[in-house]
Amino acid sequence: METIDARKLPPKAQEALRVRAVKAVLAGKTHEEIARLFSVSRTTVTKWVNLYRKGGMEALKVKPRGRPKGGKLLGWQAATIVNIIRDRCPDQVKLPWALWTREAVALLIKQKFGISLSVWTVGRYLRRWGLSPKKPIRRAYERDPVAVEKWLHAKYPVIRLDARKENAEIHWCDEMGVRSDHQVGTSWSKKGEKPVVTGTGKRFRCNMISSVTNHGTLRFKLFDGSFTVDVFLDFIKRLVRSSERKVYLIVDRHPVHRAKKVRQWLEENEEKIRMFYLPPYSPELNPDEYLNNDVKSNAVGRRRPATKDEMKRNISSYLRSTQKQPAIVKSYFRAKPVRYAA
């Protein structure tokens with residue numbers, strides 16, 4: 001018996017042939033009988049029956065041929081997607097991801113507009129919209145956008161105006177801990193082999209408190225142990241003594257900054273210093289954070305101190321060198337999140 005190639009039949013004829021063959025099997029005929037009756041191979045009949053068992057008659061229907069057409073986004077649809085990517089994270093729009101990947105954007109488009117796009121098409125759209133993959137900035141859930149807006153457009157402008165009236169100098173202050181095993185940057189090596197950096201297996205750390213101004217002034221203090229009220233008071237007392245003008249000190253809401261002993265000292269010295277608090281969970285608003293990153297990257301991360309004293313000398317030397325270059329300190333205020341303080 002000569003069999004026919006069912007694949008060469010018109011789509012509707014293929015579908016009809018499959019349905020008739022499966023119904024004949026369900027009526028009790030064998031696969032061999034069906035194969036002879038419809039001039040197809042026994043293997044083909046078995047394949048059709050398996051399709052039916054997995055998906056019912058729906059599985060026997062003709063599938064669309066050729067390259068799938070997912071659709072095309074209209075201008076307003078593209079604008080909607082860009083706004084969502086810019087203003088929200090995937091989990092905020094009930095997607096099972098924390099970062100915007102091509103897969104996440106494709107699913108967002110599917111959910112919003114019912115348009116199926118491949119990840120490659122989504123990638124082309126993203127590049128066309130002026131987007132590119134970047135390492136995200138961590139931001140606390142507790143951060144209050146309303147408080148941040150109030151700080152930027154109401155509170156800080158008043159602080160700046162009052163500082164001018166009192167001829168005061170605005171200092172931005174922060175603290176950080178530095179570890180000996182902190183490492184940044186890359187190192188050249190043979191392709192396929194990772195570079196090895198030698199260093200002591202011991203871990204040690206020291207802490208630093210510092211302040212910067214948009215005029216290029218830098219003050220710092222290195223200390224061991226925990227950050228306490230006494231450490232903070234010692235720093236701000238030195239800061240006041242070293243300044244020829246009244247100090248406006250801007251800090252975060254660390255418990256030490258708000259301690260009763262600190263508040264009492266500030267009240268006793270209000271003619272020399274005033275202190276203001278940044279919005280909660282908003283370190284990106286503090287220019288001194290960029291000094292911290294600079295120190296971690298260049299004074300610690302690219303060197304390998306053997307002892308704690310050596311690490312402290314490296315940090316102190318780097319900071320003293322930075323003090324002599326006000327342009328470097330001013331550059332910390334050029335980053336977009338802190339440009340308002342420049």
# chains A, B, ... in the order shown; residues from 1 in each chain; ligands from 1

$ select_by_dssp --residues "stretch 44-277 of chain A" --states "helix (DSSP H, G or I)" --output "PyMOL selection string"
chain A and resi 44-60+75-87+90-93+102-113+119-128+145-165+229-242+260-268

$ write_last_selection --atoms "C-alpha atoms" --output "tab-separated table (two decimals), in the first residue's frame"
chain	number	residue	atom	x	y	z
A	44	THR	CA	1.27	8.70	11.96
A	45	VAL	CA	-1.95	7.22	13.37
A	46	THR	CA	-0.22	6.52	16.68
A	47	LYS	CA	1.04	10.11	16.81
A	48	TRP	CA	-2.48	11.49	16.25
A	49	VAL	CA	-3.91	9.27	18.96
A	50	ASN	CA	-1.23	10.38	21.42
A	51	LEU	CA	-2.01	14.01	20.65
A	52	TYR	CA	-5.69	13.34	21.35
A	53	ARG	CA	-4.92	11.64	24.67
A	54	LYS	CA	-2.83	14.60	25.81
A	55	GLY	CA	-4.98	17.47	24.63
A	56	GLY	CA	-8.27	16.18	23.33
A	57	MET	CA	-9.73	17.16	19.95
A	58	GLU	CA	-8.29	20.64	20.42
A	59	ALA	CA	-4.80	19.18	20.00
A	60	LEU	CA	-5.72	17.91	16.53
A	75	GLY	CA	3.16	55.03	20.83
A	76	TRP	CA	0.93	55.43	23.87
A	77	GLN	CA	1.49	51.80	24.83
A	78	ALA	CA	5.27	52.24	24.67
A	79	ALA	CA	5.02	55.40	26.81
A	80	THR	CA	2.97	53.50	29.40
A	81	ILE	CA	5.58	50.73	29.64
A	82	VAL	CA	8.47	53.20	29.94
A	83	ASN	CA	6.70	55.08	32.76
A	84	ILE	CA	6.11	51.85	34.68
A	85	ILE	CA	9.76	50.77	34.29
A	86	ARG	CA	10.96	54.19	35.41
A	87	ASP	CA	8.66	54.60	38.42
A	90	PRO	CA	8.41	44.52	38.90
A	91	ASP	CA	7.13	43.24	42.24
A	92	GLN	CA	5.17	46.48	42.67
A	93	VAL	CA	3.11	45.59	39.60
A	102	ARG	CA	13.68	41.59	29.13
A	103	GLU	CA	11.55	38.67	30.34
A	104	ALA	CA	9.90	40.88	32.96
A	105	VAL	CA	9.15	43.62	30.44
A	106	ALA	CA	7.77	41.05	27.95
A	107	LEU	CA	5.38	39.71	30.59
A	108	LEU	CA	4.35	43.25	31.55
A	109	ILE	CA	3.50	44.01	27.91
A	110	LYS	CA	1.56	40.74	27.67
A	111	GLN	CA	-0.45	41.50	30.82
A	112	LYS	CA	-1.14	45.14	29.97
A	113	PHE	CA	-1.94	44.89	26.27
A	119	VAL	CA	12.92	38.84	24.51
A	120	TRP	CA	14.96	39.97	21.49
A	121	THR	CA	12.16	42.23	20.29
A	122	VAL	CA	11.76	43.59	23.82
A	123	GLY	CA	15.51	44.25	23.94
A	124	ARG	CA	15.30	46.27	20.73
A	125	TYR	CA	12.38	48.24	22.13
A	126	LEU	CA	14.29	48.99	25.35
A	127	ARG	CA	17.32	50.28	23.45
A	128	ARG	CA	15.06	52.35	21.19
A	145	PRO	CA	9.05	59.79	49.13
A	146	VAL	CA	6.87	62.55	50.57
A	147	ALA	CA	9.46	63.32	53.26
A	148	VAL	CA	12.22	63.36	50.64
A	149	GLU	CA	10.27	65.81	48.46
A	150	LYS	CA	9.61	68.00	51.49
A	151	TRP	CA	13.33	67.99	52.33
A	152	LEU	CA	14.38	68.89	48.79
A	153	HIS	CA	11.80	71.60	48.12
A	154	ALA	CA	10.93	73.00	51.55
A	155	LYS	CA	13.28	72.18	54.41
A	156	TYR	CA	16.71	72.38	52.79
A	157	PRO	CA	16.04	75.65	50.92
A	158	VAL	CA	15.15	77.22	54.29
A	159	ILE	CA	18.33	75.81	55.87
A	160	ARG	CA	20.42	77.23	53.03
A	161	LEU	CA	18.73	80.64	53.35
A	162	ASP	CA	19.25	80.73	57.13
A	163	ALA	CA	22.91	79.74	56.68
A	164	ARG	CA	23.43	82.74	54.40
A	165	LYS	CA	21.79	85.06	56.90
A	229	VAL	CA	27.95	59.76	71.91
A	230	ASP	CA	31.43	60.62	73.20
A	231	VAL	CA	32.98	59.92	69.79
A	232	PHE	CA	30.41	62.11	68.06
A	233	LEU	CA	30.72	64.94	70.58
A	234	ASP	CA	34.50	64.90	70.26
A	235	PHE	CA	34.20	65.23	66.49
A	236	ILE	CA	31.70	68.11	66.47
A	237	LYS	CA	33.65	69.96	69.17
A	238	ARG	CA	36.75	69.76	66.99
A	239	LEU	CA	34.66	70.79	63.98
A	240	VAL	CA	33.45	73.91	65.79
A	241	ARG	CA	36.96	74.82	66.98
A	242	SER	CA	38.42	74.46	63.46
A	260	LYS	CA	19.98	63.52	74.98
A	261	LYS	CA	23.60	64.36	75.81
A	262	VAL	CA	24.16	65.57	72.25
A	263	ARG	CA	21.00	67.71	72.27
A	264	GLN	CA	22.03	69.31	75.56
A	265	TRP	CA	25.48	70.22	74.23
A	266	LEU	CA	23.94	71.68	71.06
A	267	GLU	CA	21.60	73.86	73.14
A	268	GLU	CA	24.55	75.13	75.15

$ atom_distance --atom1 "atom CA of A:Ala299" --atom2 "atom CA of A:Asn314"
6.1 Å

$ closest_residue --among "A:Tyr277, A:Phe204, A:Trp172, A:Trp100" --to "A:Val329" --atoms "only C-alpha atoms"
A:Trp172

$ decode --residues "stretch 272-296 of chain A" --atoms "N, CA and C atoms" --output "PDB file, in the first residue's frame"
ATOM      1  N   LYS A 272      27.157  78.616  68.054  1.00  0.00           N
ATOM      2  CA  LYS A 272      28.270  78.120  67.249  1.00  0.00           C
ATOM      3  C   LYS A 272      27.859  77.042  66.252  1.00  0.00           C
ATOM      4  N   ILE A 273      26.789  76.311  66.565  1.00  0.00           N
ATOM      5  CA  ILE A 273      26.424  75.166  65.724  1.00  0.00           C
ATOM      6  C   ILE A 273      24.927  74.880  65.803  1.00  0.00           C
ATOM      7  N   ARG A 274      24.355  74.495  64.673  1.00  0.00           N
ATOM      8  CA  ARG A 274      22.999  73.975  64.617  1.00  0.00           C
ATOM      9  C   ARG A 274      23.034  72.654  63.851  1.00  0.00           C
ATOM     10  N   MET A 275      22.148  71.735  64.240  1.00  0.00           N
ATOM     11  CA  MET A 275      22.157  70.424  63.588  1.00  0.00           C
ATOM     12  C   MET A 275      20.783  70.128  62.986  1.00  0.00           C
ATOM     13  N   PHE A 276      20.795  69.509  61.806  1.00  0.00           N
ATOM     14  CA  PHE A 276      19.568  69.182  61.080  1.00  0.00           C
ATOM     15  C   PHE A 276      19.622  67.715  60.654  1.00  0.00           C
ATOM     16  N   TYR A 277      18.427  67.116  60.523  1.00  0.00           N
ATOM     17  CA  TYR A 277      18.345  65.688  60.208  1.00  0.00           C
ATOM     18  C   TYR A 277      17.790  65.452  58.810  1.00  0.00           C
ATOM     19  N   LEU A 278      18.445  64.563  58.073  1.00  0.00           N
ATOM     20  CA  LEU A 278      17.961  64.132  56.766  1.00  0.00           C
ATOM     21  C   LEU A 278      16.697  63.288  56.933  1.00  0.00           C
ATOM     22  N   PRO A 279      15.915  63.124  55.882  1.00  0.00           N
ATOM     23  CA  PRO A 279      14.749  62.217  55.967  1.00  0.00           C
ATOM     24  C   PRO A 279      15.218  60.792  56.276  1.00  0.00           C
ATOM     25  N   PRO A 280      14.401  59.998  56.941  1.00  0.00           N
ATOM     26  CA  PRO A 280      14.789  58.619  57.279  1.00  0.00           C
ATOM     27  C   PRO A 280      15.090  57.785  56.032  1.00  0.00           C
ATOM     28  N   TYR A 281      16.073  56.914  56.156  1.00  0.00           N
ATOM     29  CA  TYR A 281      16.426  55.934  55.109  1.00  0.00           C
ATOM     30  C   TYR A 281      16.704  56.603  53.757  1.00  0.00           C
ATOM     31  N   SER A 282      17.426  57.716  53.795  1.00  0.00           N
ATOM     32  CA  SER A 282      17.736  58.434  52.546  1.00  0.00           C
ATOM     33  C   SER A 282      19.218  58.788  52.463  1.00  0.00           C
ATOM     34  N   PRO A 283      20.119  57.805  52.537  1.00  0.00           N
ATOM     35  CA  PRO A 283      21.560  58.112  52.491  1.00  0.00           C
ATOM     36  C   PRO A 283      21.997  58.731  51.172  1.00  0.00           C
ATOM     37  N   GLU A 284      21.211  58.489  50.095  1.00  0.00           N
ATOM     38  CA  GLU A 284      21.607  59.026  48.787  1.00  0.00           C
ATOM     39  C   GLU A 284      21.549  60.550  48.739  1.00  0.00           C
ATOM     40  N   LEU A 285      20.914  61.183  49.741  1.00  0.00           N
ATOM     41  CA  LEU A 285      20.821  62.640  49.783  1.00  0.00           C
ATOM     42  C   LEU A 285      22.027  63.283  50.446  1.00  0.00           C
ATOM     43  N   ASN A 286      22.942  62.475  50.972  1.00  0.00           N
ATOM     44  CA  ASN A 286      24.090  62.991  51.721  1.00  0.00           C
ATOM     45  C   ASN A 286      25.355  62.947  50.865  1.00  0.00           C
ATOM     46  N   PRO A 287      25.941  64.087  50.503  1.00  0.00           N
ATOM     47  CA  PRO A 287      27.168  64.090  49.691  1.00  0.00           C
ATOM     48  C   PRO A 287      28.341  63.381  50.360  1.00  0.00           C
ATOM     49  N   ASP A 288      28.334  63.306  51.687  1.00  0.00           N
ATOM     50  CA  ASP A 288      29.443  62.654  52.385  1.00  0.00           C
ATOM     51  C   ASP A 288      29.517  61.167  52.070  1.00  0.00           C
ATOM     52  N   GLU A 289      28.411  60.579  51.590  1.00  0.00           N
ATOM     53  CA  GLU A 289      28.423  59.179  51.181  1.00  0.00           C
ATOM     54  C   GLU A 289      29.409  58.951  50.036  1.00  0.00           C
ATOM     55  N   TYR A 290      29.598  59.971  49.192  1.00  0.00           N
ATOM     56  CA  TYR A 290      30.515  59.833  48.062  1.00  0.00           C
ATOM     57  C   TYR A 290      31.969  59.873  48.526  1.00  0.00           C
ATOM     58  N   LEU A 291      32.234  60.585  49.605  1.00  0.00           N
ATOM     59  CA  LEU A 291      33.561  60.497  50.218  1.00  0.00           C
ATOM     60  C   LEU A 291      33.784  59.088  50.758  1.00  0.00           C
ATOM     61  N   ASN A 292      32.773  58.515  51.418  1.00  0.00           N
ATOM     62  CA  ASN A 292      32.895  57.161  51.948  1.00  0.00           C
ATOM     63  C   ASN A 292      33.227  56.167  50.837  1.00  0.00           C
ATOM     64  N   ASN A 293      32.523  56.273  49.719  1.00  0.00           N
ATOM     65  CA  ASN A 293      32.783  55.372  48.595  1.00  0.00           C
ATOM     66  C   ASN A 293      34.181  55.571  48.035  1.00  0.00           C
ATOM     67  N   ASP A 294      34.617  56.818  47.976  1.00  0.00           N
ATOM     68  CA  ASP A 294      35.960  57.138  47.478  1.00  0.00           C
ATOM     69  C   ASP A 294      37.022  56.476  48.360  1.00  0.00           C
ATOM     70  N   VAL A 295      36.856  56.597  49.666  1.00  0.00           N
ATOM     71  CA  VAL A 295      37.827  56.017  50.597  1.00  0.00           C
ATOM     72  C   VAL A 295      37.841  54.492  50.496  1.00  0.00           C
ATOM     73  N   LYS A 296      36.663  53.886  50.476  1.00  0.00           N
ATOM     74  CA  LYS A 296      36.590  52.428  50.381  1.00  0.00           C
ATOM     75  C   LYS A 296      37.223  51.917  49.090  1.00  0.00           C
TER      76      LYS A 296
END
